[in-house]
Amino acid sequence: FTPMSRYRDTRDMRIRSSLKAPLKKGVLYNMKVLKLGSVGPSVELLQLALGRAGARSLAPDGIFGNATKAALRTFQSDNGLAADGVAGPATHRALMPYYTGFASHRIHRGDTLFALSQLYNVPLSAILTANPGIAPEKLAVGSSVVIPLPFDIVPTNISFTSALVSYCVRGIAARYPFVKTGQFGKSVMGRPLWYLSIGEGEKSVFYNAAHHANEWITVPLLLSFAEKLACAYAEGGKIFGRSAKEIYQSAAIYIAPCVDPDGVDLVTGELTSGEFYDGAVRIAQSYPNIPFPSGWKANIRGTDLNLQYPAGWEQARENKFALGVVGPAPADYVGSSPLSAPESRAMYDFTLALSPQLTLAYHTQGEVIYWRYLDLLPPRSREIADTFSAVSGYAAEETPFASGFAGYKDWFIQNFDRPGYTIEAGRGANPLPIGQFDEIFEDNLGILTLAPLLI
């Protein structure tokens with residue numbers, strides 16, 4: 001993590017007021033005690049971690065059965081824990097490297113970086129990247145070295161949660177210290193709103209995902225892009241056929257991977273009890289035609305975050321009130337006023353601080369790129385939309401009137417007179433299955449890669 005005291009350029013100075021506490025070492029984010037019979041995304045993550053730790057045959061199906069218990073007991077025994085087959089705080093702490101993708105190795109007499117690369121089965125270059133400024137010939141006994149582990153940080157085969165977002169951010173920051181990370185706000189439930197920043201160009205672009213809870217597949221899309229770009233830059237390689245160094249030097253890419261963490265936890269089944277869950281249940285009962293929780297788009301208080309921005313908000317309210325959505329709902333409630341939800345307010349403030357030259361707001365579904373707001377035509381906005389369409393196969397279209405107000409993209413275009421895009425990724429009914437991820441990533445890699453080169 002890069003502390004605020006090390007910010008050096010003008011843009012970073014501007015965003016200091018939007019930043020919160022750094023990512024604390026060793027923090028366990030929202031992890032539950034898991035045992036035989038447990039189900040849900042936390043079990044998927046546990047199974048993924050056990051697989052990364054050696055239980056290769058364990059499938060992350062989200063059901064804590066006998067196979068998961070056996071794999072967990074083996075892990076506990078191998079790591080000096082009580083082999084009770086229950087994943088509590090001590091077990092989660094031992095599994096931390098397999099959640100985040102890196103270990104912290106304390107140097108002993110005789111250790112060398114080459115020996116550590118052999119021990120952990122990772123390239124020496126990856127250790128050097130994760131430990132900038134280290135002197136291999138002068139390793140101090142008792143000091144700690146970050147060791148990247150030999151698997152991708154961001155999983156693309158399990159459900160996402162706010163806790164998993166935090167672990168991925170922590171892992172990327174540790175393995176690639178040139179990636180800046182931090183919080184720009186908090187959700188209703190106090191979950192962190194994370195950002196990552198990659199690149200050193202004077203201009204910036206801003207990508208965000210999951211304004212809508214049941215569009216959570218866009219979260220690993222942006223996190224995976226961040227990881228792959230960071231890896232390509234560290235290795236002097238390419239991404240989408242373009243030099244990662246060229247991209248890094250062209251612009252600073254800011255990424256807010258999960259605007260609605262509370263809602264995502266609700267949709268994926270991580271949030272199943274408590275005051276906020278009970279409140280969501282009460283709201284959903286007034287909308288029996290919307291499946292619960294899979295149909296939930298809003299934040300945990302029933303405000304649609306992508307109908308919160310001061311760009312035709314009154315028209316959006318009129319449109320949605322005409323549909324009968326006049327109060328908190330699983331979808332389409334505009335809120336009591338613009339920016340009344342903490343998540344949308346944080347996005348608004350952070351965007352003003354960044355003043356990016358271009359923004360991409362990721363949603364699902366439809367394989368469409370919406371590039372316009374009313375009759376406003378920022379310079380090159382259509383040209384860039386056509387480029388995005390060509391590299392993705394998605395159609396570049398104008399936003400339908402019924403859904404064309406108070407969105408993040410609408411406000412960005414209105415406020416900055418710069419290109420802003422809503423990308424509707426994938427096809428089908430939300431939430432899209434994680435099995436669609438590879439196709440979505442392939443379709444959107446060109447957009448994500450070229451955006452900083454087009455401004």
# chains A, B, ... in the order shown; residues from 1 in each chain; ligands from 1

$ select_by_dssp --residues "region 118-319 of chain A" --states "helix (DSSP H, G or I)" --output "VMD selection string"
chain A and resid 118 to 120 124 to 130 136 to 138 162 to 175 213 to 215 218 to 234 244 to 250 261 to 268 275 to 285 305 to 307 313 to 319

$ residues_around --residues "Ser42 (chain A)" --least-positions-apart "6" --cutoff "8 Å" --atoms "only C-alpha atoms" --output "list in words"
Met31, Lys32, Leu34, Gly62 and Glu270 of chain A

$ residues_around --residues "region 199-216 of chain A" --least-positions-apart "3" --cutoff "7 Å" --atoms "only C-alpha atoms" --output "VMD selection string"
chain A and resid 219 248 to 260 263 to 264 267 294 to 298 305 to 306 356 to 364 430 to 431 452

$ write_last_selection --atoms "N, CA and C atoms" --output "short mmCIF file (atom, residue, chain, number, x, y, z; two decimals), in the first residue's frame"
data_model
loop_
_atom_site.label_atom_id
_atom_site.label_comp_id
_atom_site.auth_asym_id
_atom_site.auth_seq_id
_atom_site.Cartn_x
_atom_site.Cartn_y
_atom_site.Cartn_z
N VAL A 219 -17.39 -6.99 -11.40
CA VAL A 219 -16.36 -6.77 -10.39
C VAL A 219 -15.09 -7.54 -10.73
N TYR A 248 1.00 2.32 -19.35
CA TYR A 248 1.34 2.83 -18.02
C TYR A 248 1.79 4.29 -18.10
N GLN A 249 2.53 4.62 -19.14
CA GLN A 249 3.05 5.97 -19.28
C GLN A 249 2.05 6.93 -19.90
N SER A 250 1.02 6.40 -20.55
CA SER A 250 0.06 7.25 -21.25
C SER A 250 -0.92 7.93 -20.31
N ALA A 251 -1.36 7.23 -19.28
CA ALA A 251 -2.40 7.76 -18.40
C ALA A 251 -2.40 7.00 -17.08
N ALA A 252 -3.03 7.60 -16.10
CA ALA A 252 -3.31 6.89 -14.85
C ALA A 252 -4.71 6.28 -14.97
N ILE A 253 -4.79 4.99 -14.77
CA ILE A 253 -6.07 4.30 -14.83
C ILE A 253 -6.57 4.09 -13.41
N TYR A 254 -7.69 4.70 -13.07
CA TYR A 254 -8.31 4.52 -11.77
C TYR A 254 -9.47 3.54 -11.92
N ILE A 255 -9.58 2.62 -10.97
CA ILE A 255 -10.60 1.58 -11.03
C ILE A 255 -11.33 1.50 -9.70
N ALA A 256 -12.65 1.65 -9.74
CA ALA A 256 -13.51 1.40 -8.58
C ALA A 256 -14.26 0.10 -8.87
N PRO A 257 -13.77 -1.04 -8.37
CA PRO A 257 -14.30 -2.32 -8.82
C PRO A 257 -15.68 -2.67 -8.31
N CYS A 258 -16.14 -2.03 -7.22
CA CYS A 258 -17.42 -2.45 -6.64
C CYS A 258 -18.08 -1.26 -5.94
N VAL A 259 -19.00 -0.60 -6.64
CA VAL A 259 -19.68 0.59 -6.10
C VAL A 259 -20.73 0.21 -5.06
N ASP A 260 -21.29 -0.99 -5.16
CA ASP A 260 -22.40 -1.41 -4.28
C ASP A 260 -22.06 -2.70 -3.54
N GLY A 263 -25.04 -4.49 -1.62
CA GLY A 263 -25.98 -5.14 -2.52
C GLY A 263 -25.42 -6.41 -3.13
N VAL A 264 -24.12 -6.37 -3.48
CA VAL A 264 -23.48 -7.57 -4.02
C VAL A 264 -23.51 -8.69 -3.00
N VAL A 267 -27.02 -10.18 -3.05
CA VAL A 267 -27.35 -10.96 -4.24
C VAL A 267 -26.63 -12.29 -4.27
N SER A 294 -31.99 -12.38 -6.20
CA SER A 294 -31.30 -12.30 -7.49
C SER A 294 -31.72 -11.08 -8.31
N GLY A 295 -32.93 -10.55 -8.07
CA GLY A 295 -33.38 -9.40 -8.84
C GLY A 295 -33.00 -8.07 -8.23
N TRP A 296 -32.26 -8.10 -7.14
CA TRP A 296 -31.93 -6.87 -6.41
C TRP A 296 -30.84 -6.09 -7.15
N LYS A 297 -31.14 -4.83 -7.52
CA LYS A 297 -30.17 -3.96 -8.19
C LYS A 297 -29.67 -2.84 -7.26
N ALA A 298 -30.44 -2.52 -6.26
CA ALA A 298 -30.24 -1.30 -5.46
C ALA A 298 -29.15 -1.47 -4.41
N LEU A 305 -28.47 3.08 -7.27
CA LEU A 305 -27.34 3.99 -7.28
C LEU A 305 -27.10 4.63 -8.64
N ASN A 306 -27.54 3.99 -9.70
CA ASN A 306 -27.34 4.58 -11.03
C ASN A 306 -28.50 5.47 -11.45
N PRO A 356 -11.30 12.90 -14.52
CA PRO A 356 -10.73 12.06 -15.57
C PRO A 356 -11.13 12.55 -16.97
N GLN A 357 -10.32 12.16 -17.94
CA GLN A 357 -10.61 12.54 -19.33
C GLN A 357 -11.66 11.63 -19.98
N LEU A 358 -11.88 10.46 -19.37
CA LEU A 358 -12.84 9.49 -19.93
C LEU A 358 -13.26 8.56 -18.81
N THR A 359 -14.50 8.09 -18.89
CA THR A 359 -14.95 7.13 -17.89
C THR A 359 -15.69 5.98 -18.56
N LEU A 360 -15.56 4.80 -17.96
CA LEU A 360 -16.31 3.61 -18.36
C LEU A 360 -17.08 3.11 -17.15
N ALA A 361 -18.39 3.03 -17.27
CA ALA A 361 -19.24 2.49 -16.21
C ALA A 361 -19.74 1.13 -16.66
N TYR A 362 -19.31 0.07 -15.97
CA TYR A 362 -19.64 -1.29 -16.40
C TYR A 362 -20.91 -1.81 -15.75
N HIS A 363 -21.79 -2.32 -16.62
CA HIS A 363 -23.06 -2.92 -16.24
C HIS A 363 -23.23 -4.22 -17.02
N THR A 364 -24.31 -4.93 -16.76
CA THR A 364 -24.76 -6.05 -17.59
C THR A 364 -26.25 -5.89 -17.77
N ASN A 430 -29.88 -11.08 -15.62
CA ASN A 430 -29.04 -10.79 -14.45
C ASN A 430 -29.54 -11.54 -13.23
N PRO A 431 -28.64 -11.98 -12.35
CA PRO A 431 -27.19 -11.91 -12.49
C PRO A 431 -26.65 -12.95 -13.47
N PRO A 452 -7.12 4.31 -22.25
CA PRO A 452 -6.11 5.31 -21.88
C PRO A 452 -5.26 5.79 -23.03
#

$ closest_residue --among "A:Gln308, A:Thr68, A:Asn79, A:Gln47" --to "Ile158 (chain A)" --atoms "only C-alpha atoms"
A:Gln47

$ closest_residue --among "A:Gly393, A:Pro132, A:Gly241, A:Pro60" --to "Tyr176 (chain A)" --atoms "only C-alpha atoms"
A:Pro132

$ residues_around --residues "region 99-115 of chain A" --least-positions-apart "5" --cutoff "8 Å" --atoms "only C-alpha atoms" --output "list in words"
Leu45, Ala49, Leu124, Ile127, Pro136, Glu137, Leu139, Ala140, Val141, Gly142, Ser143, Ser144, Val145, Val146, Ile147, Pro148, Leu149, Pro150, Phe151, Asp152, Ile153, Leu164, Tyr167, Cys168, Arg170, Gly171, Ala174 and Arg175 of chain A

$ residues_around --residues "region 336-342 of chain A" --least-positions-apart "2" --cutoff "7 Å" --atoms "only C-alpha atoms" --output "list in words"
Lys186, Ser187, Val188, Gln308, Tyr309, Pro310, Trp313, Val334, Ser344, Arg345 and Ala346 of chain A

$ write_last_selection --atoms "N, CA and C atoms" --output "PDB file, in the first residue's frame"
ATOM      1  N   LYS A 186     -17.357   4.775   1.992  1.00  0.00           N
ATOM      2  CA  LYS A 186     -17.906   3.563   2.586  1.00  0.00           C
ATOM      3  C   LYS A 186     -19.365   3.412   2.183  1.00  0.00           C
ATOM      4  N   SER A 187     -19.820   2.177   2.208  1.00  0.00           N
ATOM      5  CA  SER A 187     -21.208   1.867   1.878  1.00  0.00           C
ATOM      6  C   SER A 187     -22.107   2.142   3.086  1.00  0.00           C
ATOM      7  N   VAL A 188     -23.399   1.908   2.910  1.00  0.00           N
ATOM      8  CA  VAL A 188     -24.355   2.043   4.011  1.00  0.00           C
ATOM      9  C   VAL A 188     -23.923   1.200   5.207  1.00  0.00           C
ATOM     10  N   GLN A 308     -29.005   8.196  -9.240  1.00  0.00           N
ATOM     11  CA  GLN A 308     -28.737   9.098  -8.129  1.00  0.00           C
ATOM     12  C   GLN A 308     -27.979  10.366  -8.517  1.00  0.00           C
ATOM     13  N   TYR A 309     -27.603  10.488  -9.770  1.00  0.00           N
ATOM     14  CA  TYR A 309     -26.697  11.569 -10.133  1.00  0.00           C
ATOM     15  C   TYR A 309     -27.453  12.786 -10.656  1.00  0.00           C
ATOM     16  N   PRO A 310     -26.925  13.994 -10.413  1.00  0.00           N
ATOM     17  CA  PRO A 310     -27.633  15.225 -10.778  1.00  0.00           C
ATOM     18  C   PRO A 310     -27.535  15.544 -12.265  1.00  0.00           C
ATOM     19  N   TRP A 313     -32.193  14.272 -12.894  1.00  0.00           N
ATOM     20  CA  TRP A 313     -32.724  13.426 -11.828  1.00  0.00           C
ATOM     21  C   TRP A 313     -34.237  13.572 -11.706  1.00  0.00           C
ATOM     22  N   VAL A 334     -35.231   6.204  -7.232  1.00  0.00           N
ATOM     23  CA  VAL A 334     -34.222   7.240  -7.474  1.00  0.00           C
ATOM     24  C   VAL A 334     -33.668   7.845  -6.196  1.00  0.00           C
ATOM     25  N   SER A 344     -23.233   6.665  -3.969  1.00  0.00           N
ATOM     26  CA  SER A 344     -23.255   7.579  -5.120  1.00  0.00           C
ATOM     27  C   SER A 344     -22.567   8.895  -4.767  1.00  0.00           C
ATOM     28  N   ARG A 345     -22.747   9.371  -3.541  1.00  0.00           N
ATOM     29  CA  ARG A 345     -22.058  10.588  -3.119  1.00  0.00           C
ATOM     30  C   ARG A 345     -20.543  10.396  -3.172  1.00  0.00           C
ATOM     31  N   ALA A 346     -20.066   9.236  -2.723  1.00  0.00           N
ATOM     32  CA  ALA A 346     -18.628   8.969  -2.754  1.00  0.00           C
ATOM     33  C   ALA A 346     -18.108   8.935  -4.189  1.00  0.00           C
TER      34      ALA A 346
END

$ residues_around --residues "Gly237 (chain A)" --least-positions-apart "5" --cutoff "12 Å" --atoms "only C-alpha atoms" --output "ChimeraX atom specification"
/A:228-232,242-248

$ write_last_selection --atoms "N, CA, C and O atoms" --output "mmCIF file, in the first residue's frame"
data_model
loop_
_atom_site.group_PDB
_atom_site.id
_atom_site.type_symbol
_atom_site.label_atom_id
_atom_site.label_comp_id
_atom_site.auth_asym_id
_atom_site.auth_seq_id
_atom_site.Cartn_x
_atom_site.Cartn_y
_atom_site.Cartn_z
ATOM 1 N N LYS A 228 -3.913 -8.241 -14.633
ATOM 2 C CA LYS A 228 -3.199 -8.620 -15.859
ATOM 3 C C LYS A 228 -2.377 -7.449 -16.396
ATOM 4 O O LYS A 228 -1.262 -7.648 -16.911
ATOM 5 N N LEU A 229 -2.900 -6.232 -16.291
ATOM 6 C CA LEU A 229 -2.123 -5.079 -16.728
ATOM 7 C C LEU A 229 -0.895 -4.899 -15.841
ATOM 8 O O LEU A 229 0.212 -4.643 -16.337
ATOM 9 N N ALA A 230 -1.067 -5.031 -14.528
ATOM 10 C CA ALA A 230 0.056 -4.890 -13.615
ATOM 11 C C ALA A 230 1.123 -5.951 -13.887
ATOM 12 O O ALA A 230 2.325 -5.655 -13.893
ATOM 13 N N CYS A 231 0.680 -7.174 -14.121
ATOM 14 C CA CYS A 231 1.616 -8.261 -14.404
ATOM 15 C C CYS A 231 2.372 -8.002 -15.704
ATOM 16 O O CYS A 231 3.593 -8.178 -15.774
ATOM 17 N N ALA A 232 1.647 -7.571 -16.742
ATOM 18 C CA ALA A 232 2.290 -7.303 -18.030
ATOM 19 C C ALA A 232 3.313 -6.175 -17.904
ATOM 20 O O ALA A 232 4.404 -6.242 -18.486
ATOM 21 N N ARG A 242 -0.770 -4.539 -27.004
ATOM 22 C CA ARG A 242 -0.170 -3.229 -26.790
ATOM 23 C C ARG A 242 0.824 -3.287 -25.636
ATOM 24 O O ARG A 242 0.626 -4.029 -24.669
ATOM 25 N N SER A 243 1.860 -2.507 -25.749
ATOM 26 C CA SER A 243 2.871 -2.476 -24.713
ATOM 27 C C SER A 243 2.279 -1.992 -23.393
ATOM 28 O O SER A 243 1.683 -0.910 -23.328
ATOM 29 N N ALA A 244 2.450 -2.780 -22.347
ATOM 30 C CA ALA A 244 1.955 -2.366 -21.041
ATOM 31 C C ALA A 244 2.682 -1.109 -20.564
ATOM 32 O O ALA A 244 2.094 -0.260 -19.890
ATOM 33 N N LYS A 245 3.955 -0.983 -20.926
ATOM 34 C CA LYS A 245 4.697 0.220 -20.552
ATOM 35 C C LYS A 245 4.112 1.448 -21.223
ATOM 36 O O LYS A 245 3.991 2.520 -20.603
ATOM 37 N N GLU A 246 3.723 1.322 -22.468
ATOM 38 C CA GLU A 246 3.100 2.440 -23.178
ATOM 39 C C GLU A 246 1.809 2.864 -22.496
ATOM 40 O O GLU A 246 1.543 4.066 -22.311
ATOM 41 N N ILE A 247 1.008 1.890 -22.107
ATOM 42 C CA ILE A 247 -0.250 2.196 -21.419
ATOM 43 C C ILE A 247 0.036 2.867 -20.080
ATOM 44 O O ILE A 247 -0.585 3.868 -19.720
ATOM 45 N N TYR A 248 0.998 2.316 -19.346
ATOM 46 C CA TYR A 248 1.345 2.833 -18.019
ATOM 47 C C TYR A 248 1.791 4.286 -18.100
ATOM 48 O O TYR A 248 1.477 5.105 -17.228
#

$ closest_residue --among "A:Val325, A:Leu95, A:Leu354, A:Leu36" --to "Gly51 (chain A)" --atoms "only C-alpha atoms"
A:Leu95

$ residues_around --residues "Ile434 (chain A)" --least-positions-apart "3" --cutoff "8 Å" --atoms "only C-alpha atoms" --output "list in words"
Thr156, Asn157, Ile158, Ser159, Ile217 and Phe437 of chain A

$ closest_residue --among "A:Phe184, A:Trp371, A:Phe441, A:Tyr233" --to "Thr129 (chain A)" --atoms "only C-alpha atoms"
A:Tyr233

$ closest_residue --among "A:Gly435, A:Pro419, A:Gly312, A:Gly80" --to "Gly407 (chain A)" --atoms "only C-alpha atoms"
A:Gly312

$ closest_residue --among "A:Ala163, A:Phe64, A:Gly274, A:Ala396" --to "Met96 (chain A)" --atoms "only C-alpha atoms"
A:Ala163

$ select_by_dssp --residues "region 82-218 of chain A" --states "strand (DSSP E or B)" --output "NGL selection string"
:A and (87 or 102-106 or 144-148 or 180-186 or 192-198 or 203-209)

$ atom_distance --atom1 "CA of Ile440 (chain A)" --atom2 "CA of Thr268 (chain A)"
19.0 Å
